[in-house]
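Notes for the one structure printed next.
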Amino acid sequence: MTEIRHSRWQLWLAEPQTRKGALITSLVVALALLGPWLAPHSPTEMVGSVYGAPVAAAPLGYDFLGHDVFSRLLSGGVSVLWMSLAAASIALLAGSTLGLLAGFSRRRLDQLITWLADVSLAFPDLILVLLIVSMLGRAPWLIVLTVAIAFTPGVIRLARGSAVAVAGQEFVEAAQMMGYSRRRILFGEILPNILTPLLVHFGNMLTWGVGMLSGLSFLGYGVAPPTADWGLMINENQAGLLVQPWAVLAPAVLIGIFAYGTNILAEGIGRSSSRIGEKQP
Amino acid sequence: MNAIAGIESRPRVMTAEVLQVRDLRVELAGQIDVLSGVSFSLAAGEILGLVGESGSGKTTLATALLAHARRGARIVGGQVEVSGKSLLTLEGEALRRARGSLIGYVAQDPATALNPALRIGGLLRETLGAHQVELDHAGQHQRIVETLRDVGLPDDVQFLQRFAHQLSGGQQQRVMLALAFVLRPKLIVLDEPTTALDVTTQAHILATLRRLCKSQGVAAVYVSHDLAVIKDLVDRVMVMYAGRIVEIADRAALFAQPAHPYTRGLLAAIPDVAQRRQLQAIAGHAPAPGHRPQGCAFAPRCPRRLAECSVVEPALQELSTLQRVACLDPHLQVLQPIAWTPLSPVVEELERTPLLEIKDLNVAYDRQVLFDVSLRIAAGECLALVGESGSGKTSLARAVAGLGENAEGDLHYAGVPLSLSAHKRDGRQRHEIQYIFQNPYRALNPRQTVYQTLSAPLGHFFGIKGAAARERVEAVLKRVSLSASVADLYPHSLSGGERQRVAIARALVCEPKLLICDEITSALDVSVQASILSLLRRLQHEGLTLLFVTHDLGVVRAIADRVLVLKLGRVVEQGLVDTVLDKPQATYTRTLLENSPTLG
């Protein structure tokens, strides 16, 4: 088993896109994780003039309250990254389990799950999240959960669609005939065959998650000020965009780079995973 | 046995060569040849059978005759002349015109070759409109009606209004023939057009084809992997191996006195419905493109190999005016089939408690497919279940396996009632009844290694894991004649025959008593089929009981002790194989027998 894991890593990393994506993603993640220790000032400490221009002590200038933008940038990544990672993971787990169940069992359960997914897909994601957050509050775990709920139906549809095609194949019937448990058939036989689209989708969800969380912060429903957060920073400093663009641009660029990195990482993993079990040169 | 061969050309004056192929060579990237040094010619009205196993380059050659190479391959040299027009020098529009007016093509699977969104009339009109613009509307209609009549389809307006999915498989293939013949081509290329069809339909299509070619003077190249199928159809046979012609001979000469050891090997591997013969598989594999050995490509598998065979590549040499062969030491005597009688009939076995007893089994989906079918299988025997598509034979097999939905009836296994649903069966029943699927490409999980596939049932049924499991897996691989190193491979790197062996191995690790085989050789080459059948024979001698589902009566003769003939969900005849096949009682069995291709 360990041998196979090992070869899967090797296969992933053999794809240039995976390496590139992993490098970019890990750079942003490292920046977000180590940032708080590297920051010259506390993110909530007012050290300069309002919308002060970049100077040697503050390479990115000061924001609307006179915080050091560079320090806030270094400290503001962790929240958005862990929250999007958590939301995407929860959605992946819940969605693929439900989707597999639906795709394999067919009949009633399938109809129920598909119907639920369709109904919630018909509801715009952001509106749904805003609704829940404005009703129940803005605790981080609650935001994570609502974003995950918004993502889950998409995963269900994807997992179900892929699982249906696989579940009709004879090796699944053979497993049923052997009397394997349903769990084993779902996760042992079918899941490995639909992992590729799911992983790619996971990467996309990470990207969307960062976007959605930043959007929530921007709209004022996300992380509460004065906490440093990339999304919140864009929101807070929009009024000074023309005077001190760095306070908005710097977090926006980092979000963009992270989105790009996770996207091609997911794509690389997807591409190389689809080759597991196929002819290798 | 059937009368296809009796169809002759009217006057045999046409000696004009319709097709001239010279030194054709097709390469993959990196100058790896998949086809090399192919030269032959074909006269008007002559039908050439192109035979070889998968990977022999026969389909590559067939498409190269249309100046087409599949993605990744390139025609790099040689000439293809049809009616004096050199196709390989043409390009674009000129090539398209030449193809349309000179060559017709019939693909393997009519269900995917016909556009499902177009009506039959539309398909034919479109083809005519694209290539024979000079025909006016009335002329088109006249031509379409004539062609439909020629291929044996109705020519009324209602039929022209139909879509492909409203036709049977045989009718679809006739439409394909009509599409090829409607342009009055000089040459027609057919790529295994009857493999998806029942024997009765196949016999009719072949007769129609021969009649059309002879009456219209159309030359035909018929690609097939089965010599028995083409025996009565063709005038000449060309046998290919690893991208080379190894033998080309007149039909009579080839079947009576095949000269190349490979041709003999192919003939010895074909199960014959008329006579039980010892089936002999050809040992080893055909070389993959780029892995041709030096000298004769067949030498590593050849029983008559000489020292110089692996040095010199033999050229085609003339044995007689009718026969040419590429072999340094060709067979020169007449082929003597080896008759073979089974060891012991199993009549008396039935008197004891049967291993499996089915009473009044009914299966209905949206329509009923099985009607009150009852049967008994004695321990240690091989019962063949025979019928054409739609006879319900697969439904029956699946019901026994516990995969059948909507099945009703009484099943008894070893005297104990057996549930129709696999997960209501107990562990012993589940591991003692095993099922092998028709399609070896979908029967194995592509994301699991052979070891994972084979060790899973061991852990599940017997709690065997780790080193003990490894040992068992290696033992079972040996039992199905695979090497132990296969265990760490994924199914993708195995050939169809090897995959089917792994599927059989998966059944065998469960220590089964009853093995249900659902058309398990129909997707395989004849020589691979022969080796799988002999493997099953051996397993039967080791005490396994077989329920063997097939449409091929030749296979039935080769492997089964008793046979049960199904027609539209009802048992029409059953009994010992030799009794049923030699003295069939039911009309349906007789029809099946008459239409089964045979070498005799």
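Note on naming: chains are A, B, ... as they come in the structure tokens, residues start from 1 per chain, ligands start from 1 in the order shown.
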Check your understanding: Skipping near chain neighbours, those fewer than 2 positions away, what residues fall within 12 Å of A:Tyr180 using only C-alpha atoms, listed as a list of chain:residue names?
Key -> A:Phe171, A:Val172, A:Glu173, A:Ala174, A:Ala175, A:Gln176, A:Met177, A:Met178, A:Arg182, A:Arg183, A:Arg184, A:Ile185, A:Leu186, A:Phe187, A:Gly188, A:Glu189, B:Ala422, B:His423, B:Gly427, B:Arg430, B:His431, B:Ala456, B:Pro457, B:Leu458, B:Gly459, B:His460, B:Phe461
Dump of N, CA and C atoms for the selected residues, as a PDB file, in the first residue's frame:
```pdb
ATOM      1  N   PHE A 171     -16.808  -4.515 -13.186  1.00  0.00           N
ATOM      2  CA  PHE A 171     -16.025  -4.788 -11.979  1.00  0.00           C
ATOM      3  C   PHE A 171     -16.787  -4.369 -10.720  1.00  0.00           C
ATOM      4  N   VAL A 172     -17.694  -3.409 -10.854  1.00  0.00           N
ATOM      5  CA  VAL A 172     -18.525  -3.041  -9.711  1.00  0.00           C
ATOM      6  C   VAL A 172     -19.549  -4.142  -9.445  1.00  0.00           C
ATOM      7  N   GLU A 173     -20.102  -4.695 -10.522  1.00  0.00           N
ATOM      8  CA  GLU A 173     -21.024  -5.817 -10.348  1.00  0.00           C
ATOM      9  C   GLU A 173     -20.321  -7.002  -9.708  1.00  0.00           C
ATOM     10  N   ALA A 174     -19.083  -7.229 -10.139  1.00  0.00           N
ATOM     11  CA  ALA A 174     -18.330  -8.339  -9.553  1.00  0.00           C
ATOM     12  C   ALA A 174     -18.186  -8.126  -8.050  1.00  0.00           C
ATOM     13  N   ALA A 175     -17.914  -6.880  -7.650  1.00  0.00           N
ATOM     14  CA  ALA A 175     -17.762  -6.582  -6.222  1.00  0.00           C
ATOM     15  C   ALA A 175     -19.081  -6.796  -5.479  1.00  0.00           C
ATOM     16  N   GLN A 176     -20.193  -6.415  -6.128  1.00  0.00           N
ATOM     17  CA  GLN A 176     -21.494  -6.649  -5.496  1.00  0.00           C
ATOM     18  C   GLN A 176     -21.741  -8.134  -5.307  1.00  0.00           C
ATOM     19  N   MET A 177     -21.335  -8.897  -6.337  1.00  0.00           N
ATOM     20  CA  MET A 177     -21.576 -10.327  -6.292  1.00  0.00           C
ATOM     21  C   MET A 177     -20.770 -10.996  -5.190  1.00  0.00           C
ATOM     22  N   MET A 178     -19.556 -10.457  -4.961  1.00  0.00           N
ATOM     23  CA  MET A 178     -18.720 -11.003  -3.900  1.00  0.00           C
ATOM     24  C   MET A 178     -19.326 -10.698  -2.539  1.00  0.00           C
ATOM     25  N   ARG A 182     -21.304  -1.957   1.059  1.00  0.00           N
ATOM     26  CA  ARG A 182     -21.566  -0.816   0.207  1.00  0.00           C
ATOM     27  C   ARG A 182     -20.455   0.232   0.343  1.00  0.00           C
ATOM     28  N   ARG A 183     -19.971   0.376   1.603  1.00  0.00           N
ATOM     29  CA  ARG A 183     -18.928   1.352   1.835  1.00  0.00           C
ATOM     30  C   ARG A 183     -17.677   0.999   1.022  1.00  0.00           C
ATOM     31  N   ARG A 184     -17.363  -0.288   1.029  1.00  0.00           N
ATOM     32  CA  ARG A 184     -16.168  -0.722   0.327  1.00  0.00           C
ATOM     33  C   ARG A 184     -16.311  -0.529  -1.181  1.00  0.00           C
ATOM     34  N   ILE A 185     -17.507  -0.795  -1.707  1.00  0.00           N
ATOM     35  CA  ILE A 185     -17.714  -0.608  -3.142  1.00  0.00           C
ATOM     36  C   ILE A 185     -17.616   0.872  -3.495  1.00  0.00           C
ATOM     37  N   LEU A 186     -18.252   1.711  -2.658  1.00  0.00           N
ATOM     38  CA  LEU A 186     -18.250   3.150  -2.945  1.00  0.00           C
ATOM     39  C   LEU A 186     -16.842   3.730  -2.890  1.00  0.00           C
ATOM     40  N   PHE A 187     -16.136   3.441  -1.799  1.00  0.00           N
ATOM     41  CA  PHE A 187     -14.862   4.121  -1.592  1.00  0.00           C
ATOM     42  C   PHE A 187     -13.671   3.328  -2.116  1.00  0.00           C
ATOM     43  N   GLY A 188     -13.821   2.015  -2.197  1.00  0.00           N
ATOM     44  CA  GLY A 188     -12.703   1.206  -2.672  1.00  0.00           C
ATOM     45  C   GLY A 188     -12.723   0.992  -4.172  1.00  0.00           C
ATOM     46  N   GLU A 189     -13.910   0.812  -4.736  1.00  0.00           N
ATOM     47  CA  GLU A 189     -13.980   0.480  -6.160  1.00  0.00           C
ATOM     48  C   GLU A 189     -14.295   1.701  -7.017  1.00  0.00           C
TER      49      GLU A 189
ATOM     50  N   ALA B 422     -27.723 -11.398  -4.761  1.00  0.00           N
ATOM     51  CA  ALA B 422     -26.409 -11.783  -4.226  1.00  0.00           C
ATOM     52  C   ALA B 422     -26.242 -11.418  -2.765  1.00  0.00           C
ATOM     53  N   HIS B 423     -26.764 -10.269  -2.326  1.00  0.00           N
ATOM     54  CA  HIS B 423     -26.465  -9.939  -0.937  1.00  0.00           C
ATOM     55  C   HIS B 423     -27.392 -10.615   0.070  1.00  0.00           C
ATOM     56  N   GLY B 427     -22.181 -16.436   2.774  1.00  0.00           N
ATOM     57  CA  GLY B 427     -20.812 -16.316   2.299  1.00  0.00           C
ATOM     58  C   GLY B 427     -20.366 -17.509   1.472  1.00  0.00           C
ATOM     59  N   ARG B 430     -21.799 -17.344  -1.911  1.00  0.00           N
ATOM     60  CA  ARG B 430     -21.209 -16.264  -2.695  1.00  0.00           C
ATOM     61  C   ARG B 430     -19.835 -16.623  -3.226  1.00  0.00           C
ATOM     62  N   HIS B 431     -19.040 -17.340  -2.427  1.00  0.00           N
ATOM     63  CA  HIS B 431     -17.723 -17.636  -2.989  1.00  0.00           C
ATOM     64  C   HIS B 431     -17.725 -18.890  -3.847  1.00  0.00           C
ATOM     65  N   ALA B 456      -8.269  -8.968  -2.834  1.00  0.00           N
ATOM     66  CA  ALA B 456      -9.463  -8.481  -2.131  1.00  0.00           C
ATOM     67  C   ALA B 456     -10.432  -9.606  -1.747  1.00  0.00           C
ATOM     68  N   PRO B 457     -10.787 -10.511  -2.673  1.00  0.00           N
ATOM     69  CA  PRO B 457     -11.693 -11.599  -2.267  1.00  0.00           C
ATOM     70  C   PRO B 457     -11.075 -12.510  -1.210  1.00  0.00           C
ATOM     71  N   LEU B 458      -9.750 -12.683  -1.253  1.00  0.00           N
ATOM     72  CA  LEU B 458      -9.085 -13.537  -0.259  1.00  0.00           C
ATOM     73  C   LEU B 458      -9.311 -13.001   1.144  1.00  0.00           C
ATOM     74  N   GLY B 459      -9.097 -11.688   1.298  1.00  0.00           N
ATOM     75  CA  GLY B 459      -9.328 -11.073   2.600  1.00  0.00           C
ATOM     76  C   GLY B 459     -10.796 -11.123   2.977  1.00  0.00           C
ATOM     77  N   HIS B 460     -11.638 -10.926   1.982  1.00  0.00           N
ATOM     78  CA  HIS B 460     -13.073 -10.835   2.233  1.00  0.00           C
ATOM     79  C   HIS B 460     -13.678 -12.178   2.655  1.00  0.00           C
ATOM     80  N   PHE B 461     -13.335 -13.221   1.921  1.00  0.00           N
ATOM     81  CA  PHE B 461     -13.967 -14.517   2.199  1.00  0.00           C
ATOM     82  C   PHE B 461     -13.216 -15.334   3.247  1.00  0.00           C
TER      83      PHE B 461
END
```
Per residue of chain B within 10 Å of chain A, record the nearest atom pair and its distance in Å to one decimal, counting only C-alpha atoms, with rows in chain order and ascending residue number, as a Markdown table.
```
| residue | atom | partner | partner_atom | distance |
| --- | --- | --- | --- | --- |
| B:Ala401 | CA | A:Met177 | CA | 7.1 |
| B:Gly402 | CA | A:Met177 | CA | 6.8 |
| B:Leu403 | CA | A:Met177 | CA | 6.9 |
| B:Ser421 | CA | A:Met177 | CA | 8.7 |
| B:Ala422 | CA | A:Met177 | CA | 5.5 |
| B:His423 | CA | A:Gly179 | CA | 5.6 |
| B:Lys424 | CA | A:Gly179 | CA | 8.9 |
| B:Arg425 | CA | A:Gly179 | CA | 8.4 |
| B:Asp426 | CA | A:Gly179 | CA | 8.9 |
| B:Gly427 | CA | A:Gly179 | CA | 7.8 |
| B:Gln429 | CA | A:Met178 | CA | 9.7 |
| B:Arg430 | CA | A:Met178 | CA | 5.9 |
| B:His431 | CA | A:Met178 | CA | 6.8 |
| B:Glu432 | CA | A:Met178 | CA | 10.0 |
| B:Ile433 | CA | A:Met177 | CA | 9.1 |
| B:Gln434 | CA | A:Met177 | CA | 8.1 |
| B:Tyr435 | CA | A:Ala174 | CA | 7.5 |
| B:Ile436 | CA | A:Ala174 | CA | 8.4 |
| B:Phe437 | CA | A:Glu170 | CA | 7.0 |
| B:Gln438 | CA | A:Glu170 | CA | 9.0 |
| B:Asn439 | CA | A:Glu170 | CA | 8.1 |
| B:Pro440 | CA | A:Glu170 | CA | 8.8 |
| B:Tyr441 | CA | A:Glu170 | CA | 9.0 |
| B:Arg442 | CA | A:Glu170 | CA | 5.6 |
| B:Ala443 | CA | A:Phe171 | CA | 4.3 |
| B:Leu444 | CA | A:Phe171 | CA | 5.1 |
| B:Asn445 | CA | A:Phe171 | CA | 5.7 |
| B:Pro446 | CA | A:Gly277 | CA | 5.7 |
| B:Arg447 | CA | A:Gly277 | CA | 5.0 |
| B:Gln448 | CA | A:Gly277 | CA | 6.9 |
| B:Thr449 | CA | A:Gly277 | CA | 7.5 |
| B:Gln452 | CA | A:Met1 | CA | 9.4 |
| B:Thr453 | CA | A:Phe171 | CA | 9.5 |
| B:Ala456 | CA | A:Tyr180 | CA | 9.4 |
| B:Pro457 | CA | A:Met178 | CA | 7.2 |
| B:His460 | CA | A:Tyr180 | CA | 7.5 |
| B:Phe461 | CA | A:Met178 | CA | 8.5 |
| B:Leu489 | CA | A:Gly277 | CA | 8.1 |
| B:Tyr490 | CA | A:Gly277 | CA | 5.1 |
| B:Pro491 | CA | A:Gly277 | CA | 7.1 |
| B:His492 | CA | A:Glu278 | CA | 5.2 |
| B:Ser493 | CA | A:Lys279 | CA | 5.6 |
| B:Leu494 | CA | A:Lys279 | CA | 9.3 |
| B:Ala503 | CA | A:Phe171 | CA | 9.4 |
| B:Arg506 | CA | A:Ala174 | CA | 9.5 |
| B:Ala507 | CA | A:Ala174 | CA | 9.4 |
| B:Cys510 | CA | A:Met178 | CA | 8.9 |
```
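For A:Met205, the set of protein, DNA and RNA residues having any atom at most 8 Å away, when counting only C-alpha atoms and skipping those fewer than 2 positions along the same chain, is Ser84, Ala88, Phe151, His201, Phe202, Gly203, Thr207, Trp208 and Gly209 of chain A.
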Check your understanding: Skipping near chain neighbours, those fewer than 4 positions away, what residues fall within 6 Å of stretch 98-109 of chain B using only C-alpha atoms, listed as a PyMOL selection string?
Key -> chain B and resi 131+176+180+185-193
Could you write out that same residue set with C-alpha atoms as a PDB file, in the first residue's frame?
```
ATOM      1  CA  HIS B 131     -20.585  12.297 -54.892  1.00  0.00           C
ATOM      2  CA  MET B 176     -24.297   0.254 -44.461  1.00  0.00           C
ATOM      3  CA  ALA B 180     -21.432   1.612 -49.913  1.00  0.00           C
ATOM      4  CA  PRO B 185     -18.002   1.765 -56.476  1.00  0.00           C
ATOM      5  CA  LYS B 186     -15.287  -0.312 -58.048  1.00  0.00           C
ATOM      6  CA  LEU B 187     -13.959  -1.534 -54.727  1.00  0.00           C
ATOM      7  CA  ILE B 188     -15.567  -2.072 -51.374  1.00  0.00           C
ATOM      8  CA  VAL B 189     -13.686  -2.428 -48.097  1.00  0.00           C
ATOM      9  CA  LEU B 190     -15.427  -4.169 -45.209  1.00  0.00           C
ATOM     10  CA  ASP B 191     -13.964  -4.137 -41.697  1.00  0.00           C
ATOM     11  CA  GLU B 192     -15.381  -7.097 -39.740  1.00  0.00           C
ATOM     12  CA  PRO B 193     -18.938  -6.089 -40.660  1.00  0.00           C
TER      13      PRO B 193
END
```
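Here atom CA of B:Ala560 is placed at a distance of 22.3 Å from atom CA of B:Val502.
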Review point. Which distance in Å separates atom CA of B:Gln368 and atom CA of B:Gly569, to one decimal?
Key: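 Pair atom CA of B:Gln368 / atom CA of B:Gly569 returns 7.9 Å.
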**Study point:** Exercise: B:Phe159 partners within 12 Å, only C-alpha atoms, chain neighbours under 6 positions left out, as number ranges by chain
**Key:** B: 119-122, 144-145, 148-149, 153, 166-167, 171-172, 175
Let me see the file: selected residues, C-alpha atoms, as a tab-separated table (two decimals), in the first residue's frame.
```tsv
chain	number	residue	atom	x	y	z
B	119	ARG	CA	-33.35	9.07	-41.64
B	120	ILE	CA	-32.30	6.16	-43.86
B	121	GLY	CA	-33.52	7.95	-46.98
B	122	GLY	CA	-31.64	11.08	-45.95
B	144	ILE	CA	-31.82	4.30	-53.97
B	145	VAL	CA	-34.73	1.97	-54.63
B	148	LEU	CA	-32.19	-1.13	-51.28
B	149	ARG	CA	-33.71	-3.97	-53.25
B	153	LEU	CA	-34.17	-4.14	-47.63
B	166	GLN	CA	-35.55	1.65	-35.39
B	167	LEU	CA	-33.80	-1.10	-37.34
B	171	GLN	CA	-30.88	-4.27	-41.14
B	172	GLN	CA	-28.46	-1.57	-39.99
B	175	VAL	CA	-28.07	-0.05	-44.74
```
Point to revise | Residues flagged helix (DSSP H, G or I) by DSSP in stretch 224-383 of chain B, as a PyMOL selection string | key: chain B and resi 227-230+251-256+261-269+299-301+307-310+348-351
Point to revise | Polymer residues at most 10 Å from A:Phe123, only C-alpha atoms, same-chain spacing of 5 or more positions, as number ranges by chain | key: A: 118, 128, 150
Practice item. For A:Ile255, list every protein, DNA or RNA residue within 8 Å, evaluated using only C-alpha atoms, and leave out those in the same chain fewer than 5 positions away; present the list as a list in words. Key: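 In the requested form, the answer reads Val210, Gly211 and Trp230 of chain A.
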Kindly export the residues of the current selection with C-alpha atoms, as a PDB file, in the first residue's frame.
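Final output, out19.pdb:
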```pdb
ATOM      1  CA  VAL A 210     -10.841  32.590  -1.329  1.00  0.00           C
ATOM      2  CA  GLY A 211     -12.888  34.731  -3.678  1.00  0.00           C
ATOM      3  CA  TRP A 230      -6.970  40.318   2.660  1.00  0.00           C
TER       4      TRP A 230
END
```
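Nearest residue to B:Ser391, choosing from B:Thr89, B:Ser39, B:Thr550, B:Thr521 and counting only C-alpha atoms: B:Thr550.
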